[in-house]
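**Student:** This is the structure, below, for whatever I ask next.
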Amino acid sequence: MKFAVISFPGSNCDWDMYYAINDALGQEADMVRSDETNLDQYDGVLIPGGFSYGDYLRSGAIARFAPAMQAVKKMAEAGKPVLGVCNGFQILVEAGLLPGSLQNNTSMEFISDWAPLKVVNNQTMFTNGYAKDETITIPIAHGEGNYYCDDETLKQLQANHQIVFTYEDNPNGSRNNIAGVTNQAGNVLGMMPHPERAVESILGGTDGLTLFKSILNQVRS
Amino acid sequence: MQKQVELTPEAIRDQKVYRDWGLTDGEYDLIATKLLQRLPNFTETGLYSGMWSEHCSYKNSKPILRKFWTKGSRVIQGPGEGAGVLDINDGQAVVFKAESHNHPSFVEPYEGAATGVGGIIRDIFSMGAKPIASLDSLRFGELTNPKNRFLLDKVVAGIAGYGNCIGIPTVGGEISFDQCYDGNPLVNVMCVGIMDQKDIEAGRAHGTGNSIIYVGAKTGRDGINGATFASSQFSKEEESDRSAVQVGDPFMEKLLVDACLEITHHHSDILVGIQDMGAAGLVSSSAEMAAKANSGVDLNLDLVPQREPGMTPYEIMLSESQERMLLCVKQGHEQTVLDVFEKYGLDAVVIGSVNDDGQYRLSQHGEVVCDIPTRTLVDDVPEYTHPLVEPARFKQDVDPFIPEFADLGKLVNQMLGQATIASKQSVYQQYDSRVQANTVLAPGSDSAVVRIRGTKKSLAMTTDCNARYIYLDPFQGGQIAVAEAARNIVASGAIPIGITDCLNFGNPDDPESYFEMSKSAEGIAKACEQFDAPVIGGNVSLYNETDNQAIYPTPLIGMVGLIEDNQFITRSSAKQGDELVYVLGATFDDYSGSEIQKMLAGKISGKIEHFDLATEATNQKLVHEAIVKHLVDSVHDVSEGGVIVTLLETLFDNELGFNGQTDLTREQLFSETQSRFVITVARQNQAAFEQLVGGHATMLGTTTDDVQLDLKLSNDHLKLDVNEMKQTWKEGLSWLMKSKV
């Protein structure tokens with residue numbers, strides 16, 4: 001399986017994502033600059049964390065206009081897997097590919113820690129390797145990870161089983177402890193925790209690797 | 001901001017204006033009568049003031065720095081370049097350096113700390129290395145003073161704001177608190193990078209006609225003559241110096257790192273030299289690059305990218321605007337380099353060229369505004385050896401301090417809540433410690449461990465300096481600072497390979513302060529040789545005095561160790577119940593400069609006793625052997641707070657209890673005798689471990705699953721709820737930060 005890792009100016013988890021795929025998962029990932037307009041040769045897209053364009057206006061607000069985002073939309077519409085992590089999640093939200101928004105953590109401070117998550121929905125192409133309601137532990141590192149959506153959106157998210165991960169111990173004030181959501185079709189996932197940092201036991205755990213393996217399972221079946 | 005009025009050379013001489021810029025009468029005379037044999041103009045006087053400041057020239061500290069041991073079999077690049085370089089086998093090298101940003105952080109803590117991080121990162125990638133980790137060593141006055149709470153809060157936010165954005169994990173460091181830092185907080189930042197040895201770059205500009213290329217952010221009026229500012233004492237009127245602090249842009253620096261590494265890795269054939277524009281900005285980078293190559297440069301200041309109109313040559317040359325680099329590129333190949341920077345959206349401009357007459361020549365608006373021999377800026381700086389006087393406090397006989405207290409359990413609880421002892425989690429959780437996905441041991445460990453991807457090797461790194469010991473005994477304290485750093489490195493499974501230092505001291509003109517500098521440097525040098533850890537770079541920060549109140553002498557040690565095989569990586573937390581707990585190293589009644597002394601007596605005093613480098617080396621060697629033979633489950637070095645704090649920290653992570661008995665007295669639980677470790681060992685390794693360590697370790701007891709501590713002492717019986725202690729320790733700093741004392 002071949003992934004594109006979209007590298008924006010200011011992305012800083014792009015190589016982490018690249019190595020997670022190439023080394024830990026044993027699949028192929030290319031580093032693709034955000035001014036690339038064609039992603040047709042890829043089976044999936046990974047939008048990494050970081051501070052795209054410095055995040056000076058609002059996280060992800062400038063990155064959504066990058067040329068590659070049109071191609072990402074096309075991939076999303078075609079039902080291919082699109083994963084946005086941390087800043088990638090913020091970009092997907094800004095681009096309108098996912099509902100809701102991400103605000104400052106309630107502490108108003110950046111938080112870097114290991115976060116226990118509950119797998120609320122294990123029926124997605126990103127979570128089929130986990131057990132339902134399983135607790136997994138994945139690192140978080142963000143200043144604006146406080147997920148917000150209005151009541152109506154929340155109802156829809158719940159009704160469509162779009163809430164995939166929730167925090168066991170809400171670190172940032174996210175509504176309903178939401179840590180990760182998909183689009184309605186289920187092929188676009190945005191999450192604040194970093195699965196690409198939990199793919200080797202030497203780094204403290206492999207719970208994130210299961211997410212990438214899940215994508216592979218889905219595509220293969 | 002003070003308006004720049006360009007005085008005539010005669011007016012500068014007659015009104016002695018150079019004094020305001022930090023040049024002495026003797027220095028000005030040397031320039032005018034001997035080096036130039038004419039009066040320097042306004043711009044030239046400004047350039048000398050920046051380049052001859054302590055911050056750039058080390059004119060007061062060079063005799064001290066020469067004491068350091070800088071050789072060693074792994075040294076590829078010692079002091080003198082952007083950063084030192086050590087061989088870590090397999091054709092790879094580690095590059096590291098520490099730098100202080102004390103003065104700016106006091107005036108403007110967020111930007112001061114942020115730009116401190118940015119500056120040291122540039123030193124690393126200018127060598128051609130990829131920055132892989134940074135560490136911060138911070139010192140503040142007591143948190144009972146609201147100003148110190150403000151400084152801590154903003155400094156941490158500045159480090160986080162810059163470090164998190166740029167994507168270099170902040171993996172460690174330390175923070176401690178003493179009243180002497182009240183008017184002079186210390187913000188020392190260390191950055192570590194790795195590279196292939198073949199990619200090493202140097203800050204040199206040679207080859208007549210080769211181009212000087214300016215890259216990165218535009219030059220503004222921020223931080224003008226900051227090097228001179230950093231080399232002077234503060235007084236209460238310091239607020240007027242705010243314009244001497246720069247403003248950082250980590251996004252710009254991220255682009256700069258990526259672009260410069262692309263040049264050094266893919267176009268090294270046309271790159272002659274590269275250096276960052278740090279202290280004294282454009283003048284220091286260009287003059288140092290040229291002086292090192294015995295050449296000169298011609299620069300056209302009209303071509304320098306400028307953020308504001310109407311900047312004078314003085315302002316352009318001495319601005320310390322951040323995120324700028326200077327490159328020397330082979331003539332005819334400029335476009336290749338400009339194209340790379342354009343791809344990253346960065347300004348890159350040819351601003352001049354290397355000349356063969358050795359002159360440092362600047363022009364603006366078609367006129368030559370400076371024309372002086374380059375070496376006079378860099379090589380002709382006078383060097384000062386200051387008189388030494390042993391401080392009076394060493395001659396006074398002080399009765400040895402013995403802690404006196406009623407309730408041992410309460411005292412332990414109180415100790416865990418002290419600012420210096422309490423967990424720093426509330427600070428380091430604001431730092432992204434895992435970006436780049438190589439962090440094995442994150443902040444909170446004895447030393448941070450970062451693995452080198454694609455190999456079985458890791459690097460261990462730590463910063464250390466217990467300044468209280470150096471205040472009481474500079475020579476022994478200097479040795480202890482290195483020994484403690486090495487202890488941290490060894491505890492994580494590594495062997496020390498080298499150090500960088502930040503020498504934070506008071507005013508060198510004070511003979512007692514100079515004595516402290518000199519003696520602590522001798523102590524550091526001696527210990528470095530013992531541990532085979534040469535000094536490969538660092539910086540000096542003098543004049544850390546406000547209204548004549550000096551800091552404790554604080555020569556920070558930043559040490560790096562090599563872990564040859566990742567299976568040796570060792571944690572400081574016991575894994576489970578029923579592990580045997582040992583103390584390796586003898587315990588004496590050592591309370592001088594200890595946390596317990598500070599807590600109970602309110603100040604420190606006394607003599608440093610029982611420290612011996614040979615014992616330290618023996619104990620470290622035993623620990624390393626035990627780790628390599630897989631005999632231990634955890635190793636934690638004993639430092640501030642003594643064995644009881646170390647033991648509890650060993651239990652906290654996995655919420656374990658402890659049951660044991662010892663000949664130690666209850667007072668000795670807080671003794672800070674050096675050269676000790678708390679080690680846990682699985683039962684099946686007991687015989688092999690005891691055979692290896694012989695009489696050097698004594699068993700204290702065993703870990704238990706019940707989260708209670710029960711320790712019988714020779715004169716007391718300590719019972720504690722470990723989770724209650726953990727809460728005090730974990731929340732201690734937050735409570736102090738929120739206190740409204």
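So you can find residues: chains in the structure tokens are A, B, ... in the order shown, residues in each start at 1, and ligands are numbered from 1 in order.
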For chain B, work out the contacting residues on chain A at 6 Å, counting only C-alpha atoms, and write them as a list in words.

**Tutor:** Gly10, Asn12, Asp16, Phe51, Gly54, Phe110, Ile111, Ser112, Ala141, Arg197 and Leu203 of chain A

**Student:** Excluding Tyr110 (chain B) and its own-chain neighbours fewer than 4 positions away, which residues fall within 7 Å of it when counting only C-alpha atoms? Please give them as a list in words.

**Tutor:** Ser105, Ala114, Lys154, Val155, Ala157 and Gly158 of chain B

**Student:** Run DSSP on the backbone and tell me which residues of region 37-198 of chain A come out as strand (DSSP E); list them as JSON, numbers by chain.

**Tutor:** {"A": [44, 45, 46, 47, 82, 83, 84, 85, 101, 102, 103, 111, 112, 113, 114, 115, 116, 117, 118, 119, 135, 136, 137, 138, 139, 140, 141, 142, 146, 147, 148, 163, 164, 165, 166, 167, 178, 179, 180, 181, 182, 188, 189, 190, 191]}

**Student:** Just give me the gap between CA of Glu655 (chain B) and CA of Val707 (chain B) in Å, one decimal is fine.

**Tutor:**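 Distance reported for this atom pair: 6.0 Å.
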
**Student:** What's around Ile47 (chain A) at 8 Å? Count only C-alpha atoms, leave out sequence neighbours fewer than 4 positions away in its own chain, and write the answer as number ranges by chain.

**Tutor:** A: 5-7, 14, 82-85, 87-89

**Student:** If you measure from CA of Leu503 (chain B) to CA of Tyr58 (chain B), what distance in Å do you get, rounded to one decimal?

**Tutor:**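 Pair CA of Leu503 (chain B) / CA of Tyr58 (chain B) returns 11.2 Å.
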
**Student:** I need the residues of region 450-577 of chain B that end up classed as helix (DSSP H, G or I) by DSSP on the backbone, written out as an MDAnalysis selection string.

**Tutor:** chainID B and resid 467:472 474:491 511:530 566:568

**Student:** Using only C-alpha atoms, pick whichever of A:Val119, A:Ile91, A:Met1, A:Val219 has the shortest atom-to-atom distance to Asp55 (chain A).

**Tutor:** A:Ile91

**Student:** Just how far from CA of Val85 (chain B) is CA of Asp199 (chain B), in Å to one decimal?

**Tutor:** 11.6 Å

**Student:** Would you mind listing what lies within 7 Å of Gln27 (chain A) as a list in words, with only C-alpha atoms counted and same-chain residues fewer than 2 positions away left out?

**Tutor:**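 Skipping anything fewer than 2 positions along the chain leaves Met1, Lys2, Ile21, Asn22, Leu25 and Ala29 of chain A.
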
**Student:** Applying 12 Å and only C-alpha atoms, which residues near Asn104 (chain A) remain after dropping the ones on its own chain fewer than 4 positions away? List them as an NGL selection string.

**Tutor:** :A and (58-59 or 90 or 108-111 or 142-148 or 171-174)

**Student:** Emit the selected residues as an mmCIF file, in the first residue's frame, including C-alpha atoms.

**Tutor:**
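File written: again_34.cif
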data_model
loop_
_atom_site.group_PDB
_atom_site.id
_atom_site.type_symbol
_atom_site.label_atom_id
_atom_site.label_comp_id
_atom_site.auth_asym_id
_atom_site.auth_seq_id
_atom_site.Cartn_x
_atom_site.Cartn_y
_atom_site.Cartn_z
ATOM 1 C CA ARG A 58 -5.359 29.940 13.452
ATOM 2 C CA SER A 59 -4.233 26.324 13.407
ATOM 3 C CA GLN A 90 -6.972 20.904 12.546
ATOM 4 C CA MET A 108 -4.344 27.470 27.965
ATOM 5 C CA GLU A 109 -1.102 25.502 28.012
ATOM 6 C CA PHE A 110 0.471 23.065 25.586
ATOM 7 C CA ILE A 111 0.158 19.495 26.897
ATOM 8 C CA HIS A 142 -0.926 19.999 21.443
ATOM 9 C CA GLY A 143 -1.984 23.443 22.548
ATOM 10 C CA GLU A 144 -5.231 23.564 20.598
ATOM 11 C CA GLY A 145 -6.828 20.165 20.926
ATOM 12 C CA ASN A 146 -10.042 21.106 22.648
ATOM 13 C CA TYR A 147 -12.655 19.668 20.258
ATOM 14 C CA TYR A 148 -15.872 21.619 19.990
ATOM 15 C CA PRO A 171 -6.753 16.573 29.062
ATOM 16 C CA ASN A 172 -7.930 19.571 27.055
ATOM 17 C CA GLY A 173 -11.647 20.186 27.622
ATOM 18 C CA SER A 174 -12.881 18.463 24.455
#

**Student:** Which of these residues is nearest to Trp21 (chain B), using only C-alpha atoms: B:Thr546, B:Gln275, B:Thr43, B:Gln197?

**Tutor:**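 Nearest candidate to Trp21 (chain B) out of B:Thr546, B:Gln275, B:Thr43, B:Gln197: B:Thr43.
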
**Student:** Skipping near chain neighbours, those fewer than 3 positions away, what residues fall within 12 Å of Ala113 (chain B) using only C-alpha atoms, listed as a PDB file with N, CA, C and O atoms, in the first residue's frame?

**Tutor:**
ATOM      1  N   GLU B  99      24.103  27.284  25.734  1.00  0.00           N
ATOM      2  CA  GLU B  99      24.271  28.731  25.710  1.00  0.00           C
ATOM      3  C   GLU B  99      23.319  29.368  26.711  1.00  0.00           C
ATOM      4  O   GLU B  99      22.253  28.842  26.987  1.00  0.00           O
ATOM      5  N   SER B 100      23.740  30.508  27.221  1.00  0.00           N
ATOM      6  CA  SER B 100      22.900  31.191  28.208  1.00  0.00           C
ATOM      7  C   SER B 100      22.095  32.291  27.524  1.00  0.00           C
ATOM      8  O   SER B 100      22.537  32.861  26.524  1.00  0.00           O
ATOM      9  N   HIS B 101      20.923  32.562  28.033  1.00  0.00           N
ATOM     10  CA  HIS B 101      20.161  33.725  27.603  1.00  0.00           C
ATOM     11  C   HIS B 101      19.567  34.392  28.839  1.00  0.00           C
ATOM     12  O   HIS B 101      18.362  34.624  28.929  1.00  0.00           O
ATOM     13  N   ASN B 102      20.450  34.665  29.785  1.00  0.00           N
ATOM     14  CA  ASN B 102      20.013  35.121  31.105  1.00  0.00           C
ATOM     15  C   ASN B 102      19.465  36.546  31.115  1.00  0.00           C
ATOM     16  O   ASN B 102      18.360  36.782  31.578  1.00  0.00           O
ATOM     17  N   HIS B 103      20.261  37.450  30.608  1.00  0.00           N
ATOM     18  CA  HIS B 103      19.850  38.858  30.690  1.00  0.00           C
ATOM     19  C   HIS B 103      18.558  39.120  29.911  1.00  0.00           C
ATOM     20  O   HIS B 103      17.625  39.709  30.449  1.00  0.00           O
ATOM     21  N   PRO B 104      18.473  38.674  28.659  1.00  0.00           N
ATOM     22  CA  PRO B 104      17.223  38.916  27.925  1.00  0.00           C
ATOM     23  C   PRO B 104      16.014  38.291  28.622  1.00  0.00           C
ATOM     24  O   PRO B 104      14.920  38.847  28.600  1.00  0.00           O
ATOM     25  N   SER B 105      16.219  37.120  29.258  1.00  0.00           N
ATOM     26  CA  SER B 105      15.093  36.421  29.872  1.00  0.00           C
ATOM     27  C   SER B 105      14.605  37.135  31.122  1.00  0.00           C
ATOM     28  O   SER B 105      13.471  36.931  31.561  1.00  0.00           O
ATOM     29  N   PHE B 106      15.461  37.927  31.718  1.00  0.00           N
ATOM     30  CA  PHE B 106      15.022  38.688  32.886  1.00  0.00           C
ATOM     31  C   PHE B 106      14.175  39.881  32.455  1.00  0.00           C
ATOM     32  O   PHE B 106      13.153  40.200  33.060  1.00  0.00           O
ATOM     33  N   VAL B 107      14.597  40.510  31.351  1.00  0.00           N
ATOM     34  CA  VAL B 107      13.910  41.711  30.882  1.00  0.00           C
ATOM     35  C   VAL B 107      12.602  41.357  30.177  1.00  0.00           C
ATOM     36  O   VAL B 107      11.581  42.016  30.350  1.00  0.00           O
ATOM     37  N   GLU B 108      12.643  40.307  29.358  1.00  0.00           N
ATOM     38  CA  GLU B 108      11.481  39.923  28.543  1.00  0.00           C
ATOM     39  C   GLU B 108      11.445  38.403  28.501  1.00  0.00           C
ATOM     40  O   GLU B 108      11.946  37.791  27.564  1.00  0.00           O
ATOM     41  N   PRO B 109      10.912  37.757  29.568  1.00  0.00           N
ATOM     42  CA  PRO B 109      11.144  36.321  29.747  1.00  0.00           C
ATOM     43  C   PRO B 109      10.660  35.434  28.599  1.00  0.00           C
ATOM     44  O   PRO B 109      11.332  34.466  28.252  1.00  0.00           O
ATOM     45  N   TYR B 110       9.496  35.762  27.997  1.00  0.00           N
ATOM     46  CA  TYR B 110       9.015  34.872  26.929  1.00  0.00           C
ATOM     47  C   TYR B 110       9.971  34.903  25.742  1.00  0.00           C
ATOM     48  O   TYR B 110      10.502  33.879  25.314  1.00  0.00           O
ATOM     49  N   GLY B 116      16.601  32.256  22.988  1.00  0.00           N
ATOM     50  CA  GLY B 116      17.713  31.434  23.480  1.00  0.00           C
ATOM     51  C   GLY B 116      17.672  30.061  22.827  1.00  0.00           C
ATOM     52  O   GLY B 116      18.692  29.516  22.389  1.00  0.00           O
ATOM     53  N   VAL B 117      16.481  29.484  22.743  1.00  0.00           N
ATOM     54  CA  VAL B 117      16.313  28.183  22.082  1.00  0.00           C
ATOM     55  C   VAL B 117      16.693  28.311  20.609  1.00  0.00           C
ATOM     56  O   VAL B 117      17.470  27.505  20.073  1.00  0.00           O
ATOM     57  N   GLY B 118      16.182  29.351  19.957  1.00  0.00           N
ATOM     58  CA  GLY B 118      16.450  29.537  18.529  1.00  0.00           C
ATOM     59  C   GLY B 118      17.934  29.685  18.240  1.00  0.00           C
ATOM     60  O   GLY B 118      18.451  29.123  17.272  1.00  0.00           O
ATOM     61  N   GLY B 119      18.624  30.428  19.101  1.00  0.00           N
ATOM     62  CA  GLY B 119      20.041  30.700  18.870  1.00  0.00           C
ATOM     63  C   GLY B 119      20.888  29.452  18.950  1.00  0.00           C
ATOM     64  O   GLY B 119      21.760  29.223  18.102  1.00  0.00           O
ATOM     65  N   ILE B 120      20.629  28.619  19.929  1.00  0.00           N
ATOM     66  CA  ILE B 120      21.484  27.441  20.101  1.00  0.00           C
ATOM     67  C   ILE B 120      21.204  26.404  19.008  1.00  0.00           C
ATOM     68  O   ILE B 120      22.096  25.687  18.576  1.00  0.00           O
ATOM     69  N   ASP B 136      16.892  22.288  28.887  1.00  0.00           N
ATOM     70  CA  ASP B 136      16.922  23.624  29.474  1.00  0.00           C
ATOM     71  C   ASP B 136      17.286  23.537  30.933  1.00  0.00           C
ATOM     72  O   ASP B 136      16.714  22.752  31.667  1.00  0.00           O
ATOM     73  N   SER B 137      18.215  24.365  31.318  1.00  0.00           N
ATOM     74  CA  SER B 137      18.606  24.415  32.720  1.00  0.00           C
ATOM     75  C   SER B 137      18.234  25.797  33.237  1.00  0.00           C
ATOM     76  O   SER B 137      18.736  26.795  32.744  1.00  0.00           O
ATOM     77  N   LEU B 138      17.347  25.827  34.212  1.00  0.00           N
ATOM     78  CA  LEU B 138      16.789  27.102  34.672  1.00  0.00           C
ATOM     79  C   LEU B 138      17.052  27.310  36.160  1.00  0.00           C
ATOM     80  O   LEU B 138      17.010  26.366  36.942  1.00  0.00           O
ATOM     81  N   LEU B 151       8.357  35.040  36.097  1.00  0.00           N
ATOM     82  CA  LEU B 151       9.490  34.695  35.234  1.00  0.00           C
ATOM     83  C   LEU B 151       9.458  33.214  34.849  1.00  0.00           C
ATOM     84  O   LEU B 151       9.644  32.860  33.686  1.00  0.00           O
ATOM     85  N   LEU B 152       9.219  32.344  35.839  1.00  0.00           N
ATOM     86  CA  LEU B 152       9.175  30.904  35.554  1.00  0.00           C
ATOM     87  C   LEU B 152       8.091  30.608  34.519  1.00  0.00           C
ATOM     88  O   LEU B 152       8.317  29.907  33.531  1.00  0.00           O
ATOM     89  N   ASP B 153       6.913  31.160  34.758  1.00  0.00           N
ATOM     90  CA  ASP B 153       5.778  30.931  33.876  1.00  0.00           C
ATOM     91  C   ASP B 153       6.109  31.353  32.434  1.00  0.00           C
ATOM     92  O   ASP B 153       5.877  30.605  31.481  1.00  0.00           O
ATOM     93  N   LYS B 154       6.663  32.529  32.286  1.00  0.00           N
ATOM     94  CA  LYS B 154       6.904  33.066  30.935  1.00  0.00           C
ATOM     95  C   LYS B 154       8.114  32.404  30.261  1.00  0.00           C
ATOM     96  O   LYS B 154       8.109  32.199  29.044  1.00  0.00           O
ATOM     97  N   VAL B 155       9.138  32.109  31.032  1.00  0.00           N
ATOM     98  CA  VAL B 155      10.307  31.436  30.447  1.00  0.00           C
ATOM     99  C   VAL B 155       9.902  30.064  29.903  1.00  0.00           C
ATOM    100  O   VAL B 155      10.252  29.693  28.779  1.00  0.00           O
ATOM    101  N   VAL B 156       9.122  29.336  30.698  1.00  0.00           N
ATOM    102  CA  VAL B 156       8.673  28.014  30.261  1.00  0.00           C
ATOM    103  C   VAL B 156       7.790  28.139  29.013  1.00  0.00           C
ATOM    104  O   VAL B 156       7.934  27.382  28.046  1.00  0.00           O
ATOM    105  N   ALA B 157       6.913  29.137  29.026  1.00  0.00           N
ATOM    106  CA  ALA B 157       6.049  29.344  27.853  1.00  0.00           C
ATOM    107  C   ALA B 157       6.888  29.687  26.628  1.00  0.00           C
ATOM    108  O   ALA B 157       6.589  29.247  25.512  1.00  0.00           O
ATOM    109  N   GLY B 158       7.948  30.465  26.817  1.00  0.00           N
ATOM    110  CA  GLY B 158       8.816  30.839  25.694  1.00  0.00           C
ATOM    111  C   GLY B 158       9.550  29.643  25.124  1.00  0.00           C
ATOM    112  O   GLY B 158       9.639  29.468  23.905  1.00  0.00           O
ATOM    113  N   ILE B 159      10.066  28.804  26.004  1.00  0.00           N
ATOM    114  CA  ILE B 159      10.762  27.588  25.557  1.00  0.00           C
ATOM    115  C   ILE B 159       9.787  26.690  24.808  1.00  0.00           C
ATOM    116  O   ILE B 159      10.083  26.174  23.731  1.00  0.00           O
ATOM    117  N   ALA B 160       8.576  26.528  25.385  1.00  0.00           N
ATOM    118  CA  ALA B 160       7.571  25.672  24.753  1.00  0.00           C
ATOM    119  C   ALA B 160       7.132  26.263  23.414  1.00  0.00           C
ATOM    120  O   ALA B 160       7.048  25.550  22.411  1.00  0.00           O
ATOM    121  N   GLY B 161       6.883  27.565  23.409  1.00  0.00           N
ATOM    122  CA  GLY B 161       6.375  28.202  22.193  1.00  0.00           C
ATOM    123  C   GLY B 161       7.325  28.032  21.024  1.00  0.00           C
ATOM    124  O   GLY B 161       6.899  27.778  19.899  1.00  0.00           O
ATOM    125  N   TYR B 162       8.610  28.155  21.292  1.00  0.00           N
ATOM    126  CA  TYR B 162       9.592  28.040  20.218  1.00  0.00           C
ATOM    127  C   TYR B 162       9.911  26.575  19.910  1.00  0.00           C
ATOM    128  O   TYR B 162       9.839  26.133  18.767  1.00  0.00           O
ATOM    129  N   GLY B 163      10.230  25.823  20.964  1.00  0.00           N
ATOM    130  CA  GLY B 163      10.689  24.443  20.783  1.00  0.00           C
ATOM    131  C   GLY B 163       9.608  23.543  20.193  1.00  0.00           C
ATOM    132  O   GLY B 163       9.891  22.710  19.324  1.00  0.00           O
ATOM    133  N   PRO B 185      17.759  35.563  36.992  1.00  0.00           N
ATOM    134  CA  PRO B 185      17.418  34.182  36.667  1.00  0.00           C
ATOM    135  C   PRO B 185      18.397  33.668  35.615  1.00  0.00           C
ATOM    136  O   PRO B 185      18.954  34.449  34.848  1.00  0.00           O
ATOM    137  N   LEU B 186      18.619  32.365  35.606  1.00  0.00           N
ATOM    138  CA  LEU B 186      19.475  31.778  34.570  1.00  0.00           C
ATOM    139  C   LEU B 186      18.623  30.947  33.616  1.00  0.00           C
ATOM    140  O   LEU B 186      17.820  30.126  34.050  1.00  0.00           O
ATOM    141  N   VAL B 187      18.807  31.207  32.337  1.00  0.00           N
ATOM    142  CA  VAL B 187      18.137  30.423  31.305  1.00  0.00           C
ATOM    143  C   VAL B 187      19.238  29.902  30.380  1.00  0.00           C
ATOM    144  O   VAL B 187      19.791  30.646  29.586  1.00  0.00           O
ATOM    145  N   ASN B 188      19.596  28.637  30.578  1.00  0.00           N
ATOM    146  CA  ASN B 188      20.648  28.002  29.784  1.00  0.00           C
ATOM    147  C   ASN B 188      20.003  26.919  28.933  1.00  0.00           C
ATOM    148  O   ASN B 188      19.241  26.100  29.435  1.00  0.00           O
ATOM    149  N   VAL B 189      20.303  26.946  27.642  1.00  0.00           N
ATOM    150  CA  VAL B 189      19.673  25.998  26.730  1.00  0.00           C
ATOM    151  C   VAL B 189      20.765  25.185  26.037  1.00  0.00           C
ATOM    152  O   VAL B 189      21.776  25.736  25.616  1.00  0.00           O
ATOM    153  N   VAL B 245      16.273  43.165  23.519  1.00  0.00           N
ATOM    154  CA  VAL B 245      15.811  41.785  23.454  1.00  0.00           C
ATOM    155  C   VAL B 245      15.158  41.539  22.097  1.00  0.00           C
ATOM    156  O   VAL B 245      14.395  42.357  21.605  1.00  0.00           O
ATOM    157  N   GLN B 246      15.483  40.375  21.508  1.00  0.00           N
ATOM    158  CA  GLN B 246      14.986  40.065  20.185  1.00  0.00           C
ATOM    159  C   GLN B 246      13.641  39.340  20.255  1.00  0.00           C
ATOM    160  O   GLN B 246      13.236  38.863  21.300  1.00  0.00           O
ATOM    161  N   VAL B 247      13.011  39.252  19.096  1.00  0.00           N
ATOM    162  CA  VAL B 247      11.739  38.547  18.997  1.00  0.00           C
ATOM    163  C   VAL B 247      11.938  37.361  18.060  1.00  0.00           C
ATOM    164  O   VAL B 247      12.553  37.503  17.004  1.00  0.00           O
ATOM    165  N   GLY B 248      11.438  36.196  18.455  1.00  0.00           N
ATOM    166  CA  GLY B 248      11.704  34.988  17.681  1.00  0.00           C
ATOM    167  C   GLY B 248      10.542  34.567  16.799  1.00  0.00           C
ATOM    168  O   GLY B 248       9.395  34.913  17.052  1.00  0.00           O
TER     169      GLY B 248
END

**Student:** For Val199 (chain A), list every protein, DNA or RNA residue within 10 Å, evaluated using only C-alpha atoms, and leave out those in the same chain fewer than 3 positions away; present the list as a list in words.

**Tutor:** Tyr19, Ala20, Ile21, Asp23, Ala24, Leu25, Ile138, His194, Pro195, Glu196, Ile202, Leu203, Gly204, Gly205, Thr206, Asp207, Gly208, Leu209, Thr210, Leu211 and Phe212 of chain A; Ala437 of chain B

**Student:** I'd like to know which of B:Lys607, B:Arg468, B:Arg307, B:Lys456 is closest to Asp397 (chain B), using only C-alpha atoms.

**Tutor:**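 The closest residue to Asp397 (chain B) is B:Lys607.
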
**Student:** For a quick check of understanding, using only C-alpha atoms, which of A:Ser201, A:Glu152, A:Ala115, A:Met192 has the smallest distance to Asp169 (chain A)?

**Tutor:**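 Of A:Ser201, A:Glu152, A:Ala115, A:Met192, the one nearest Asp169 (chain A) is A:Ala115, counting only C-alpha atoms.
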